[in-house]
Structures are given as C-alpha cells and as structure tokens.
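S.K.: Structure: coords.cif, mmCIF, C-alpha atoms.
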data_entry
loop_
_atom_site.label_atom_id
_atom_site.label_comp_id
_atom_site.auth_asym_id
_atom_site.auth_seq_id
_atom_site.Cartn_x
_atom_site.Cartn_y
_atom_site.Cartn_z
CA MET K 220 -8.29 -93.67 -108.10
CA LYS K 221 -6.84 -96.67 -106.30
CA LEU K 222 -5.85 -99.71 -108.36
CA ASN K 223 -5.95 -103.12 -106.69
CA LYS K 224 -3.96 -105.93 -108.24
CA ILE K 225 -5.28 -109.35 -107.18
CA GLU K 226 -3.51 -112.60 -107.94
CA PRO K 227 -5.68 -115.03 -109.96
CA LYS K 228 -5.98 -118.66 -109.02
CA PHE K 229 -6.20 -121.11 -111.91
CA ILE K 230 -7.85 -124.50 -112.05
CA LYS K 231 -5.40 -127.38 -111.88
CA LYS K 232 -7.42 -130.05 -113.67
CA ASN K 233 -9.63 -129.81 -116.73
CA ASN K 234 -12.54 -131.97 -117.78
CA PRO K 235 -11.77 -134.25 -120.73
CA ARG K 236 -11.81 -132.13 -123.87
CA ILE K 237 -13.42 -133.33 -127.07
CA GLY K 238 -12.79 -131.48 -130.31
CA LEU K 239 -15.55 -132.02 -132.85
CA ILE K 240 -15.01 -131.29 -136.53
CA THR K 241 -18.39 -131.02 -138.19
CA LEU K 242 -19.37 -130.27 -141.75
CA ALA K 243 -20.37 -126.64 -142.31
CA SER K 244 -23.76 -127.85 -143.53
CA ASP K 245 -24.51 -130.36 -140.73
CA PHE K 246 -27.64 -129.52 -138.72
CA ARG K 247 -27.48 -132.55 -136.45
CA ILE K 248 -24.19 -133.75 -134.97
CA GLU K 249 -23.65 -131.15 -132.23
CA LYS K 250 -27.21 -131.73 -130.96
CA ASP K 251 -26.57 -135.46 -130.77
CA PHE K 252 -23.29 -135.04 -128.88
CA ASN K 253 -24.89 -132.64 -126.42
CA ASP K 254 -27.90 -134.90 -125.85
CA ILE K 255 -25.58 -137.65 -124.63
CA ILE K 256 -22.86 -135.75 -122.76
CA TYR K 257 -25.16 -133.21 -121.06
CA GLY K 258 -24.63 -133.22 -117.31
CA LYS K 259 -21.40 -135.20 -117.54
CA ASP K 260 -17.97 -133.78 -116.73
CA ILE K 261 -16.99 -133.55 -120.39
CA ASP K 262 -16.23 -130.42 -122.41
CA LEU K 263 -17.13 -130.32 -126.11
CA TYR K 264 -15.61 -127.79 -128.50
CA SER K 265 -16.54 -127.81 -132.17
CA ASN K 266 -15.39 -126.17 -135.36
CA ARG K 267 -16.89 -126.41 -138.82
CA ILE K 268 -15.13 -127.52 -141.95
CA ASN K 269 -15.97 -126.33 -145.45
CA CYS K 270 -17.79 -128.94 -147.51
CA TYR K 271 -18.60 -129.13 -151.18
CA ASN K 272 -21.87 -130.15 -152.84
CA PRO K 273 -22.76 -132.31 -154.60
CA LEU K 274 -21.13 -134.98 -152.46
CA THR K 275 -18.64 -137.05 -154.44
CA ASN K 276 -15.59 -139.03 -153.43
CA GLU K 277 -13.44 -136.25 -154.89
CA THR K 278 -15.13 -133.40 -153.00
CA LEU K 279 -15.14 -135.42 -149.78
CA LYS K 280 -11.41 -136.05 -150.12
CA LYS K 281 -10.79 -132.37 -150.90
CA MET K 282 -12.60 -131.37 -147.71
CA ALA K 283 -10.00 -133.15 -145.59
CA ASP K 284 -7.29 -130.73 -146.75
CA ASP K 285 -8.65 -128.18 -144.29
CA ILE K 286 -8.41 -130.46 -141.24
CA PRO K 287 -5.11 -129.06 -139.84
CA GLU K 288 -6.37 -125.46 -139.85
CA VAL K 289 -9.81 -126.36 -138.51
CA THR K 290 -8.26 -128.45 -135.74
CA LYS K 291 -5.74 -125.75 -134.83
CA ASN K 292 -8.58 -123.28 -134.25
CA ILE K 293 -10.29 -125.48 -131.67
CA LEU K 294 -8.83 -124.01 -128.47
CA PRO K 295 -5.62 -122.73 -130.09
CA ASP K 296 -2.45 -123.88 -128.33
CA GLN K 297 -4.46 -126.03 -125.92
CA LYS K 298 -4.53 -129.82 -125.69
CA LEU K 299 -7.53 -131.86 -126.77
CA ASP K 300 -8.00 -135.40 -125.50
CA CYS K 301 -9.81 -136.64 -128.59
CA VAL K 302 -10.86 -135.21 -131.93
CA ALA K 303 -14.00 -136.61 -133.57
CA TYR K 304 -14.08 -136.08 -137.32
CA GLY K 305 -17.77 -135.85 -138.14
CA CYS K 306 -18.06 -137.23 -141.64
CA THR K 307 -18.65 -140.90 -142.46
CA SER K 308 -18.21 -140.84 -146.21
CA GLY K 309 -15.47 -138.22 -145.90
CA THR K 310 -13.40 -140.60 -143.77
CA ILE K 311 -13.81 -143.34 -146.35
CA ALA K 312 -12.77 -140.99 -149.17
CA ALA K 313 -9.73 -139.48 -147.42
CA GLY K 314 -8.70 -142.51 -145.35
CA TYR K 315 -8.49 -142.69 -141.57
CA GLN K 316 -4.69 -142.53 -141.47
CA SER K 317 -4.66 -139.31 -143.48
CA ILE K 318 -7.24 -137.75 -141.14
CA TYR K 319 -5.32 -138.89 -138.07
CA GLU K 320 -2.09 -137.37 -139.38
CA LYS K 321 -3.76 -134.08 -140.33
CA VAL K 322 -5.32 -133.72 -136.87
CA ASN K 323 -2.01 -134.44 -135.20
CA LEU K 324 -0.22 -131.84 -137.29
CA ALA K 325 -2.25 -129.28 -135.36
CA LYS K 326 -2.68 -131.15 -132.07
CA PRO K 327 0.18 -133.61 -131.50
CA ASN K 328 -0.53 -136.75 -129.46
CA THR K 329 -4.29 -136.46 -129.87
CA LYS K 330 -6.60 -139.45 -130.22
CA VAL K 331 -8.82 -139.41 -133.30
CA THR K 332 -12.08 -141.17 -134.03
CA THR K 333 -14.44 -141.10 -137.01
CA PRO K 334 -17.94 -142.38 -137.73
CA ILE K 335 -16.92 -145.26 -139.99
CA THR K 336 -14.00 -146.50 -137.88
CA SER K 337 -16.18 -146.27 -134.77
CA ALA K 338 -18.90 -148.26 -136.55
CA ILE K 339 -16.39 -151.03 -137.29
CA ASN K 340 -15.21 -150.93 -133.66
CA ALA K 341 -18.83 -151.21 -132.51
CA LEU K 342 -19.53 -154.19 -134.77
CA LYS K 343 -16.41 -155.97 -133.55
CA THR K 344 -17.28 -155.24 -129.91
CA LEU K 345 -20.77 -156.66 -130.46
CA LYS K 346 -19.30 -159.60 -132.46
CA ILE K 347 -21.45 -158.78 -135.48
CA ASN K 348 -20.18 -159.42 -139.00
CA LYS K 349 -23.39 -159.46 -141.05
CA VAL K 350 -25.26 -156.18 -141.47
CA SER K 351 -27.79 -154.29 -143.49
CA ILE K 352 -26.96 -150.69 -144.34
CA PHE K 353 -29.11 -147.63 -144.90
CA THR K 354 -27.66 -144.42 -146.32
CA PRO K 355 -28.90 -141.13 -147.74
CA TYR K 356 -26.12 -141.17 -150.36
CA THR K 357 -25.88 -141.46 -154.11
CA ASP K 358 -24.71 -144.70 -155.70
CA GLU K 359 -21.12 -143.43 -156.06
CA ILE K 360 -20.78 -142.92 -152.32
CA ASN K 361 -22.66 -146.14 -151.57
CA GLN K 362 -20.14 -148.17 -153.55
CA SER K 363 -17.34 -146.73 -151.42
CA VAL K 364 -19.25 -147.65 -148.25
CA ILE K 365 -19.78 -151.19 -149.52
CA ASN K 366 -16.10 -151.61 -150.38
CA TYR K 367 -15.06 -150.28 -146.97
CA PHE K 368 -17.16 -152.83 -145.11
CA LYS K 369 -16.01 -155.63 -147.38
CA ASN K 370 -12.38 -154.73 -146.72
CA GLU K 371 -13.15 -154.97 -143.00
CA LYS K 372 -14.59 -158.48 -143.55
CA ILE K 373 -18.12 -157.33 -142.73
CA GLU K 374 -20.78 -159.01 -144.85
CA ILE K 375 -23.54 -156.75 -146.20
CA SER K 376 -26.92 -158.41 -146.66
CA GLU K 377 -28.67 -155.39 -148.14
CA LEU K 378 -28.19 -151.69 -148.75
CA SER K 379 -31.06 -149.19 -149.08
CA TYR K 380 -30.64 -145.49 -149.77
CA PHE K 381 -32.33 -142.14 -150.44
CA ASP K 382 -30.04 -140.96 -153.29
CA ILE K 383 -29.52 -137.42 -151.94
CA ALA K 384 -26.56 -135.52 -153.39
CA SER K 385 -26.49 -132.51 -151.03
CA ASP K 386 -25.53 -132.64 -147.36
CA LEU K 387 -27.90 -129.75 -146.70
CA ASP K 388 -30.81 -131.81 -147.99
CA ILE K 389 -29.76 -134.83 -145.94
CA GLY K 390 -30.09 -132.73 -142.81
CA LYS K 391 -33.67 -131.83 -143.73
CA VAL K 392 -34.96 -135.41 -143.78
CA ASP K 393 -38.04 -135.70 -141.58
CA PRO K 394 -37.35 -137.91 -138.50
CA GLN K 395 -40.81 -139.50 -138.58
CA HIS K 396 -40.41 -140.41 -142.24
CA LEU K 397 -36.97 -141.81 -141.51
CA PHE K 398 -38.42 -143.91 -138.68
CA ASP K 399 -41.18 -145.22 -140.95
CA VAL K 400 -38.60 -146.16 -143.60
CA LEU K 401 -36.17 -147.83 -141.19
CA VAL K 402 -38.72 -149.98 -139.37
CA LYS K 403 -39.67 -151.48 -142.74
CA GLN K 404 -36.13 -152.71 -143.39
CA ASP K 405 -35.91 -156.49 -143.74
CA LEU K 406 -33.24 -157.57 -141.26
CA SER K 407 -34.03 -161.30 -141.38
CA ASN K 408 -30.60 -162.01 -142.90
CA SER K 409 -28.69 -159.46 -140.79
CA ASP K 410 -27.60 -159.15 -137.17
CA ALA K 411 -27.71 -155.34 -137.21
CA LEU K 412 -28.65 -152.27 -139.21
CA PHE K 413 -26.09 -149.50 -139.70
CA VAL K 414 -27.52 -146.11 -140.67
CA SER K 415 -24.77 -144.04 -142.24
CA CYS K 416 -24.28 -140.24 -142.24
CA THR K 417 -23.85 -137.80 -139.37
CA ALA K 418 -26.47 -135.45 -140.84
CA LEU K 419 -29.40 -137.89 -140.57
CA PRO K 420 -31.67 -137.49 -137.48
CA VAL K 421 -31.28 -141.09 -136.27
CA LEU K 422 -29.97 -141.00 -132.71
CA SER K 423 -33.23 -140.08 -130.98
CA ILE K 424 -35.18 -142.89 -132.66
CA ILE K 425 -32.67 -145.74 -132.28
CA ASN K 426 -34.26 -147.16 -129.13
CA ASP K 427 -37.71 -147.32 -130.71
CA ILE K 428 -36.36 -148.93 -133.88
CA GLU K 429 -34.50 -151.58 -131.86
CA LYS K 430 -37.69 -152.41 -129.97
CA LYS K 431 -39.67 -152.60 -133.21
CA LEU K 432 -37.21 -154.74 -135.15
CA GLY K 433 -35.55 -156.71 -132.35
CA LYS K 434 -32.10 -156.12 -133.84
CA VAL K 435 -29.09 -153.94 -133.02
CA ILE K 436 -29.32 -150.50 -134.63
CA LEU K 437 -26.18 -148.46 -135.13
CA SER K 438 -25.75 -144.98 -136.59
CA SER K 439 -22.83 -142.75 -137.50
CA ASN K 440 -23.34 -140.29 -134.64
CA GLN K 441 -24.17 -142.99 -132.10
CA THR K 442 -21.03 -145.02 -132.77
CA LEU K 443 -18.90 -141.86 -133.04
CA ILE K 444 -20.06 -140.63 -129.62
CA TRP K 445 -19.70 -144.13 -128.11
CA ASP K 446 -16.14 -144.42 -129.40
CA THR K 447 -15.26 -140.88 -128.33
CA LEU K 448 -16.36 -141.66 -124.77
CA LYS K 449 -14.21 -144.79 -124.83
CA GLN K 450 -11.23 -142.78 -126.09
CA ILE K 451 -11.44 -140.40 -123.11
CA ASP K 452 -12.07 -143.30 -120.69
CA ASN K 453 -15.46 -141.96 -119.65
CA GLN K 454 -17.40 -144.42 -117.47
CA ASN K 455 -20.75 -142.58 -117.33
CA LYS K 456 -23.77 -144.73 -118.04
CA VAL K 457 -25.71 -143.80 -121.18
CA ASP K 458 -29.35 -144.90 -121.49
CA GLY K 459 -31.87 -144.41 -124.23
CA TYR K 460 -29.66 -144.49 -127.31
CA GLY K 461 -29.38 -148.15 -128.20
CA VAL K 462 -27.87 -151.34 -126.81
CA LEU K 463 -24.41 -150.30 -128.02
CA PHE K 464 -23.93 -148.12 -124.93
CA ASN K 465 -24.43 -151.17 -122.73
CA SER K 466 -21.54 -153.05 -124.36
#
Output the structure of this file as structure tokens.
M.R.:
Amino acid sequence: MKLNKIEPKFIKKNNPRIGLITLASDFRIEKDFNDIIYGKDIDLYSNRINCYNPLTNETLKKMADDIPEVTKNILPDQKLDCVAYGCTSGTIAAGYQSIYEKVNLAKPNTKVTTPITSAINALKTLKINKVSIFTPYTDEINQSVINYFKNEKIEISELSYFDIASDLDIGKVDPQHLFDVLVKQDLSNSDALFVSCTALPVLSIINDIEKKLGKVILSSNQTLIWDTLKQIDNQNKVDGYGVLFNS
C-alpha cells in the first residue's frame, strides 16, 4: 500500500470568536444569540455552568466559582475575543470585576460582558435614567437588582415580578403570556422597560412590545448580544429586535 503525505494549508484569519457561558438550566440564551448572529461572520462557542436552585444571592455567587474551568474548556488553548457571562442576577451577586478576573484567569486579555452591565451600557447609550423593571425573580433577588440600578444612578419607577425560585421554571414561561403581561405594564413614568433574566423568552417579542407601548424595551439577552457585538467591533445591521440595535 502506498502512503501519500500531503501538506495541510491552514486558515490565516478567524472570524471573531464569542465564548458564551450559559446556565446549565437555560433553555433560551443560545437560541437568542443564534437568531441575531446567523449569517454573519461570527463564531459562537458556548459552555454550560452548574447552577443551584432555588436561586438565592448565595447560590448565584457560588456558581461563579466555576467560571475559570468553564471558560478554559471553551476552545482550550485558543483565544476568544469576548466572553459573555449569561446570568443577570449572577453577575449582581458575584460582581462584574470578579467575573472578569475569573474569565481572564483562563483566557488572558479577553473582553467580558454580562447582562446587567450591558443593560447599564444600553441605558447610558440611549440617555435613559428612569426605568420600569420586570423580573421573574423572588423578592430577595429583586432587592439586589434594585440596589444595583440605584448604585448606577438609574431611577426605578416600578418593579413587577413573577416570584419564580427555579431557573428551570423561568425557562418554561409561555411567550404569549409574557407578552400579555408586559404590554400591560404602566410605563407612563418611565422612559424604558428592562426585562431581566436570560432565561425568559423576551427577545422575539421586543419589537411588538415597543410598538404597543411606544417605549424602549430592553432585555437581558438583547443588551448582552448588543454589547457583545460592540465588543468585537461588529458593524452588521440588526433589525427586528428593538430600537437598541439602531443606537
């Protein structure tokens, strides 16, 4: 038998690489990322992080301990351009700086974005400082959300919530019911509505809610994806997912 050795030729330039850390119980976030980046020259690689139910500030903070290992296993020994940490309340509990440092232990010199920091960036970009908030969380988590926004000098007019303690149950919320609930929110004293939690099925209904209410609608996944695209300097136009992508 004759053996033929052929020299391989390797690509010289990669697409921007996004590393997505998603909760092990999240049904939604990867779908939302793929809906927006499909057909664009962007590569998305995700890994799941162990989460603990019921959701409390303590369990959310504990979850972050696994970030270095989870990050390391996204394309081991390869560079990522940006890591998106897919947990809103988990970022508040652990702190952005802690998450940034844990990611960079595994992937040095990597940009990091999170749902809550991206939401603040979006509000500042849109020059909005008075919001209503909707969450699926329990009161314990809601109080942390409220304090976070207050510390960022964002005024909260109203907060409504489902009071769900399990991330698995959050992911099972019916999108039509969520739409019906959100379009009934009174935004007369707010410039925007922020819908918190990466597990809620919000992204696909944002456009319709904005048209119905005539106000800016932001969500955890929407702002996270928007900020991730900014971090990798992506200039692709994004339509159909809220006015934020036109800013």
S.K.: Could you expand the PyMOL selection byres ((chain K and resi 314) around 12) into the explicit residues it covers here, written as a PyMOL selection string?
M.R.: chain K and resi 276+279-281+283-284+304+306-313+315-321+332-336+363+367
S.K.: Could you list, as a PyMOL selection string, every residue matched by the PyMOL selection byres ((chain K and resi 434-440) around 10) in this structure?
M.R.: chain K and resi 247-249+251-252+305-307+333-338+341-342+345+347+350-354+401+406-407+409-422+424-433+441-446+460-463
S.K.: Given the file above and the PyMOL selection byres ((chain K and resi 360) around 8), which residues are selected, and can you give them as a PDB file with C-alpha atoms, keeping the file's coordinate frame?
M.R.:
ATOM      1  CA  LEU K 274     -21.130-134.980-152.460  1.00  0.00           C
ATOM      2  CA  THR K 275     -18.640-137.050-154.440  1.00  0.00           C
ATOM      3  CA  ASN K 276     -15.590-139.030-153.430  1.00  0.00           C
ATOM      4  CA  SER K 308     -18.210-140.840-146.210  1.00  0.00           C
ATOM      5  CA  TYR K 356     -26.120-141.170-150.360  1.00  0.00           C
ATOM      6  CA  THR K 357     -25.880-141.460-154.110  1.00  0.00           C
ATOM      7  CA  ASP K 358     -24.710-144.700-155.700  1.00  0.00           C
ATOM      8  CA  GLU K 359     -21.120-143.430-156.060  1.00  0.00           C
ATOM      9  CA  ASN K 361     -22.660-146.140-151.570  1.00  0.00           C
ATOM     10  CA  GLN K 362     -20.140-148.170-153.550  1.00  0.00           C
ATOM     11  CA  SER K 363     -17.340-146.730-151.420  1.00  0.00           C
ATOM     12  CA  VAL K 364     -19.250-147.650-148.250  1.00  0.00           C
TER      13      VAL K 364
END
S.K.: In Å, rounded to a single decimal, give me how far atom CA of Thr344 of chain K is from atom CA of Ser466 of chain K.
M.R.: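 Atom-to-atom, atom CA of Ser466 of chain K to atom CA of Thr344 of chain K, that is 7.3 Å.
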S.K.: Have a look at atom CA of Ile240 of chain K and atom CA of Thr329 of chain K and let me know their distance in Å, one decimal.
M.R.: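 Between atom CA of Ile240 of chain K and atom CA of Thr329 of chain K the gap is 13.6 Å.
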S.K.: For a test of reading the model, state the distance in Å between atom CA of Ile237 of chain K and atom CA of Asn348 of chain K, rounded to one decimal.
M.R.: 29.5 Å
S.K.: Box in all listed atoms of segment 338-345 of chain K, axis-aligned, with 3 Å more on each side; write out centre and edge lengths in Å to one decimal as AutoDock Vina command-line options.
M.R.:
--center_x -18.0 --center_y -152.5 --center_z -133.6 --size_x 11.6 --size_y 14.4 --size_z 13.4
S.K.: Could you pull the residues within 12 Å of Asp300 of chain K, counting only C-alpha atoms, minus those fewer than 3 positions along the same chain, as a PyMOL selection string?
M.R.: chain K and resi 233-239+261-264+293-294+297+303+322-323+326-332+447-453
